[in-house]
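Next comes upload.pdb, with PDB, C-alpha atoms.
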ATOM      1  CA  MET Y   1      13.178  17.492  98.489
ATOM      2  CA  LYS Y   2      10.548  15.189  99.849
ATOM      3  CA  GLY Y   3       9.054  12.902  97.201
ATOM      4  CA  ASP Y   4      11.755  13.558  94.596
ATOM      5  CA  THR Y   5      13.188  10.689  92.687
ATOM      6  CA  ILE Y   6      16.800  11.088  91.732
ATOM      7  CA  VAL Y   7      17.632   9.894  88.251
ATOM      8  CA  ALA Y   8      21.104   8.830  87.162
ATOM      9  CA  SER Y   9      23.778  11.475  87.640
ATOM     10  CA  GLU Y  10      25.841  10.294  84.692
ATOM     11  CA  PRO Y  11      24.665  10.983  81.154
ATOM     12  CA  LEU Y  12      22.886   8.013  79.644
ATOM     13  CA  PHE Y  13      24.049   8.723  76.123
ATOM     14  CA  GLU Y  14      26.433  10.680  73.986
ATOM     15  CA  THR Y  15      24.761  13.828  72.678
ATOM     16  CA  HIS Y  16      25.921  13.505  69.080
ATOM     17  CA  GLU Y  17      24.828   9.865  68.828
ATOM     18  CA  PHE Y  18      21.457  10.651  70.357
ATOM     19  CA  GLN Y  19      20.758  13.450  67.871
ATOM     20  CA  GLU Y  20      21.675  11.160  64.979
ATOM     21  CA  GLU Y  21      19.354   8.431  66.290
ATOM     22  CA  LEU Y  22      16.494  10.938  66.637
ATOM     23  CA  ASP Y  23      17.040  12.246  63.094
ATOM     24  CA  ALA Y  24      17.094   8.693  61.719
ATOM     25  CA  LEU Y  25      13.964   7.677  63.665
ATOM     26  CA  ARG Y  26      11.987  10.718  62.439
ATOM     27  CA  GLU Y  27      12.942  10.084  58.828
ATOM     28  CA  SER Y  28      12.499   6.292  58.843
ATOM     29  CA  GLU Y  29       9.067   6.475  60.501
ATOM     30  CA  GLY Y  30       7.825   9.268  58.215
ATOM     31  CA  TYR Y  31       7.231  12.106  60.697
ATOM     32  CA  ASP Y  32       7.696  15.829  60.103
ATOM     33  CA  PHE Y  33       8.932  16.520  63.643
ATOM     34  CA  ALA Y  34      10.555  14.596  66.468
ATOM     35  CA  GLY Y  35      11.537  15.914  69.874
ATOM     36  CA  ILE Y  36      12.865  14.599  73.153
ATOM     37  CA  ALA Y  37      11.876  16.297  76.420
ATOM     38  CA  LEU Y  38      13.989  15.470  79.466
ATOM     39  CA  TYR Y  39      14.332  16.673  83.031
ATOM     40  CA  GLU Y  40      16.613  19.705  83.098
ATOM     41  CA  GLN Y  41      18.460  18.317  86.142
ATOM     42  CA  HIS Y  42      18.706  14.886  87.681
ATOM     43  CA  SER Y  43      15.543  15.137  89.780
ATOM     44  CA  THR Y  44      11.919  14.386  88.969
ATOM     45  CA  SER Y  45      10.870  17.751  90.412
ATOM     46  CA  ALA Y  46      13.120  19.610  87.966
ATOM     47  CA  PRO Y  47      11.603  21.406  84.972
ATOM     48  CA  ILE Y  48      11.195  19.429  81.758
ATOM     49  CA  LYS Y  49      12.671  20.895  78.579
ATOM     50  CA  TRP Y  50      12.775  19.914  74.925
ATOM     51  CA  ARG Y  51      16.465  19.009  74.602
ATOM     52  CA  TYR Y  52      16.759  17.308  71.217
ATOM     53  CA  VAL Y  53      14.659  18.011  68.158
ATOM     54  CA  SER Y  54      14.610  17.015  64.522
ATOM     55  CA  GLY Y  55      12.638  18.630  61.718
ATOM     56  CA  ASN Y  56      11.962  21.779  63.756
ATOM     57  CA  LEU Y  57      10.741  25.009  62.136
ATOM     58  CA  ASN Y  58      12.449  27.332  64.633
ATOM     59  CA  ASP Y  59      14.191  27.417  68.017
ATOM     60  CA  ARG Y  60      11.179  28.435  70.128
ATOM     61  CA  TYR Y  61      11.089  24.931  71.638
ATOM     62  CA  LYS Y  62      14.157  25.982  73.691
ATOM     63  CA  LEU Y  63      11.988  28.477  75.607
ATOM     64  CA  ILE Y  64       9.334  25.942  76.628
ATOM     65  CA  ILE Y  65       9.623  24.862  80.255
ATOM     66  CA  LEU Y  66       7.214  22.232  81.548
ATOM     67  CA  ARG Y  67       6.530  20.482  84.829
ATOM     68  CA  LYS Y  68       5.482  16.918  85.448
ATOM     69  CA  GLY Y  69       1.728  16.675  84.950
ATOM     70  CA  ARG Y  70       1.497  19.792  82.749
ATOM     71  CA  GLY Y  71       1.752  20.081  79.001
ATOM     72  CA  LEU Y  72       2.094  17.193  76.608
ATOM     73  CA  ALA Y  73       5.450  15.956  77.893
ATOM     74  CA  GLY Y  74       4.497  16.516  81.524
ATOM     75  CA  MET Y  75       1.292  14.482  81.221
ATOM     76  CA  VAL Y  76       3.062  11.576  79.551
ATOM     77  CA  MET Y  77       5.800  11.623  82.178
ATOM     78  CA  LYS Y  78       3.233  11.696  84.981
ATOM     79  CA  THR Y  79       1.083   8.859  83.620
ATOM     80  CA  ALA Y  80       3.864   6.847  81.925
ATOM     81  CA  LYS Y  81       1.376   6.223  79.128
ATOM     82  CA  ARG Y  82       1.494   6.986  75.427
ATOM     83  CA  MET Y  83      -0.667   9.875  74.269
ATOM     84  CA  ILE Y  84      -1.979  10.086  70.697
ATOM     85  CA  ILE Y  85      -3.724  13.110  69.228
ATOM     86  CA  ALA Y  86      -4.636  12.155  65.657
ATOM     87  CA  ASP Y  87      -6.157  15.554  64.852
ATOM     88  CA  VAL Y  88      -5.223  18.468  67.100
ATOM     89  CA  SER Y  89      -7.938  20.784  65.733
ATOM     90  CA  GLN Y  90     -10.670  18.196  66.428
ATOM     91  CA  SER Y  91      -9.341  16.984  69.783
ATOM     92  CA  LEU Y  92      -8.249  20.203  71.493
ATOM     93  CA  SER Y  93      -9.972  23.558  71.822
ATOM     94  CA  PRO Y  94      -7.849  26.692  71.260
ATOM     95  CA  GLU Y  95      -7.755  27.152  75.051
ATOM     96  CA  GLU Y  96      -6.513  23.585  75.565
ATOM     97  CA  ARG Y  97      -3.839  24.025  72.869
ATOM     98  CA  PHE Y  98      -2.427  26.873  74.953
ATOM     99  CA  ASN Y  99      -1.360  24.191  77.469
ATOM    100  CA  TYR Y 100       0.658  22.415  74.756
ATOM    101  CA  PRO Y 101       3.034  25.121  73.473
ATOM    102  CA  ILE Y 102       5.092  22.720  71.371
ATOM    103  CA  LEU Y 103       2.024  22.166  69.149
ATOM    104  CA  SER Y 104       1.801  25.873  68.326
ATOM    105  CA  SER Y 105       5.487  26.626  68.034
ATOM    106  CA  GLU Y 106       6.039  23.725  65.620
ATOM    107  CA  LYS Y 107       2.603  23.943  63.915
ATOM    108  CA  LEU Y 108       1.874  20.291  64.671
ATOM    109  CA  THR Y 109      -1.526  18.957  63.642
ATOM    110  CA  ALA Y 110      -1.147  15.318  64.791
ATOM    111  CA  VAL Y 111       1.160  13.868  67.458
ATOM    112  CA  VAL Y 112       2.234  10.746  69.305
ATOM    113  CA  ALA Y 113       3.961  11.217  72.682
ATOM    114  CA  ILE Y 114       5.801   8.199  74.099
ATOM    115  CA  PRO Y 115       7.351   7.864  77.576
ATOM    116  CA  LEU Y 116      11.086   7.135  77.594
ATOM    117  CA  CYS Y 117      11.939   4.650  80.322
ATOM    118  CA  PHE Y 118      15.222   3.125  81.418
ATOM    119  CA  GLN Y 119      15.799   0.842  84.400
ATOM    120  CA  GLN Y 120      12.221   1.338  85.638
ATOM    121  CA  GLN Y 121      12.468   5.159  85.677
ATOM    122  CA  ILE Y 122      10.887   7.692  83.338
ATOM    123  CA  TYR Y 123      13.569   9.935  81.903
ATOM    124  CA  GLY Y 124      11.666  11.800  79.248
ATOM    125  CA  VAL Y 125       9.224  11.847  76.371
ATOM    126  CA  LEU Y 126       9.574  11.273  72.655
ATOM    127  CA  LEU Y 127       7.182  13.427  70.633
ATOM    128  CA  LEU Y 128       6.565  12.589  66.992
ATOM    129  CA  GLY Y 129       4.366  14.908  64.973
ATOM    130  CA  GLN Y 130       2.924  15.819  61.606
ATOM    131  CA  ARG Y 131       2.117  19.209  60.086
ATOM    132  CA  ASN Y 132      -0.375  20.556  57.552
ATOM    133  CA  GLY Y 133      -3.107  18.062  58.428
ATOM    134  CA  LYS Y 134      -0.981  15.091  57.360
ATOM    135  CA  PRO Y 135      -2.216  11.971  59.201
ATOM    136  CA  LEU Y 136      -0.074   9.961  61.555
ATOM    137  CA  PRO Y 137       1.591   6.964  59.895
ATOM    138  CA  LYS Y 138      -0.741   3.971  59.862
ATOM    139  CA  ASP Y 139       1.434   2.211  62.417
ATOM    140  CA  SER Y 140       1.435   4.739  65.242
ATOM    141  CA  SER Y 141       2.115   1.829  67.612
ATOM    142  CA  LEU Y 142       5.836   2.411  67.018
ATOM    143  CA  ASN Y 143       8.087   0.290  69.233
ATOM    144  CA  ILE Y 144      11.046   2.472  70.257
ATOM    145  CA  TYR Y 145      13.085  -0.396  71.729
ATOM    146  CA  GLY Y 146      16.533  -0.358  70.125
ATOM    147  CA  LYS Y 147      15.811   2.842  68.196
ATOM    148  CA  LEU Y 148      16.758   5.455  70.802
ATOM    149  CA  TRP Y 149      19.755   4.298  72.786
ATOM    150  CA  ALA Y 150      18.484   1.970  75.567
ATOM    151  CA  PHE Y 151      15.080   3.566  76.150
ATOM    152  CA  THR Y 152      11.902   1.523  76.174
ATOM    153  CA  GLU Y 153       8.300   2.536  76.655
ATOM    154  CA  GLU Y 154       7.679   0.341  79.698
ATOM    155  CA  MET Y 155       8.891   0.868  83.222
TER     156      MET Y 155
END
How does this structure look as structure tokens?
Amino acid sequence: MKGDTIVASEPLFETHEFQEELDALRESEGYDFAGIALYEQHSTSAPIKWRYVSGNLNDRYKLIILRKGRGLAGMVMKTAKRMIIADVSQSLSPEERFNYPILSSEKLTAVVAIPLCFQQQIYGVLLLGQRNGKPLPKDSSLNIYGKLWAFTEEM
């Protein structure tokens, strides 16, 4: 399709290692939830899905399908910029929260969404979140370099 960017056709990581790294990152940084949203296929026009999660309450995340520019992951992938919502109830109206289904399905009250870049391409989004009004860790300027395979935040 016109305007599509093709991302690597080979997997960038081994699934089991990636899940272990996500679990370790969530625990070491003190978050209740961590999730990785990636393109479903190897094209930037493909839907974006939550593929790896840690600390989830249920499996509803598997039903969430996003597009670039829509939803939390879609906005971060479109802008390639980190998004922080320190207090969901203060920052988003109930109508706005409808556009961020992962917040409702996982009962997240504070989140940090970080673009996942590799070789100057955006491959996905890391979402770290808290529940029950717990604040984000004081250092929400987390540097992901070396913590999730070869992803960085910068293109």
Hey, what comes out of the PyMOL selection byres ((chain Y and resi 76) around 12) on this file? Could you write it as a VMD selection string?
-> chain Y and resid 37 to 38 48 66 to 75 77 to 84 112 to 117 122 to 127 153
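For the atom pair formed by atom CA of Y:Arg97 and atom CA of Y:Pro47, the distance is 19.8 Å, given to one decimal.
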Determine the residue membership of the PyMOL selection byres ((chain Y and resi 62) around 8) for the file above and supply it as a PyMOL selection string.
-> chain Y and resi 49-51+59-61+63-64
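The list of residues with at least one atom within 7 Å of Y:Ala86, based on only C-alpha atoms and without residues fewer than 6 positions apart in the same chain, reads Ala110, Val111, Pro135 and Leu136 of chain Y.
The coordinates place atom CA of Y:Phe33 at 6.4 Å from atom CA of Y:Gln130.
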Enumerate, as number ranges by chain, the residues matched when the PyMOL selection byres ((chain Y and resi 23) around 10) is run on the file above.
-> Y: 17-22, 24-28, 33-35, 52-55
For the selection just defined, write its residues with C-alpha atoms to a file, as a PDB file, keeping the file's coordinate frame.
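Saved the output as again.pdb:
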ATOM      1  CA  GLU Y  17      24.828   9.865  68.828  1.00  0.00           C
ATOM      2  CA  PHE Y  18      21.457  10.651  70.357  1.00  0.00           C
ATOM      3  CA  GLN Y  19      20.758  13.450  67.871  1.00  0.00           C
ATOM      4  CA  GLU Y  20      21.675  11.160  64.979  1.00  0.00           C
ATOM      5  CA  GLU Y  21      19.354   8.431  66.290  1.00  0.00           C
ATOM      6  CA  LEU Y  22      16.494  10.938  66.637  1.00  0.00           C
ATOM      7  CA  ALA Y  24      17.094   8.693  61.719  1.00  0.00           C
ATOM      8  CA  LEU Y  25      13.964   7.677  63.665  1.00  0.00           C
ATOM      9  CA  ARG Y  26      11.987  10.718  62.439  1.00  0.00           C
ATOM     10  CA  GLU Y  27      12.942  10.084  58.828  1.00  0.00           C
ATOM     11  CA  SER Y  28      12.499   6.292  58.843  1.00  0.00           C
ATOM     12  CA  PHE Y  33       8.932  16.520  63.643  1.00  0.00           C
ATOM     13  CA  ALA Y  34      10.555  14.596  66.468  1.00  0.00           C
ATOM     14  CA  GLY Y  35      11.537  15.914  69.874  1.00  0.00           C
ATOM     15  CA  TYR Y  52      16.759  17.308  71.217  1.00  0.00           C
ATOM     16  CA  VAL Y  53      14.659  18.011  68.158  1.00  0.00           C
ATOM     17  CA  SER Y  54      14.610  17.015  64.522  1.00  0.00           C
ATOM     18  CA  GLY Y  55      12.638  18.630  61.718  1.00  0.00           C
TER      19      GLY Y  55
END
Hey, can you check how far atom CA of Y:Lys138 sits from atom CA of Y:Ser91?
-> 18.5 Å
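Minimum atom-to-atom distance to Y:Gly30, evaluated using only C-alpha atoms, belongs to Y:Leu142 out of Y:Leu142, Y:Leu92, Y:Ile102, Y:Leu148.
If you measure from each of Y:Asn132, Y:Asn56, Y:Phe118, Y:Pro101 to Y:Ile144 using all atoms listed in the file, the closest one turns out to be Y:Phe118.
Distance check against Y:Gln120 using only C-alpha atoms: of Y:Phe151, Y:Glu40, Y:Glu29, Y:Ser89, the minimum falls on Y:Phe151.
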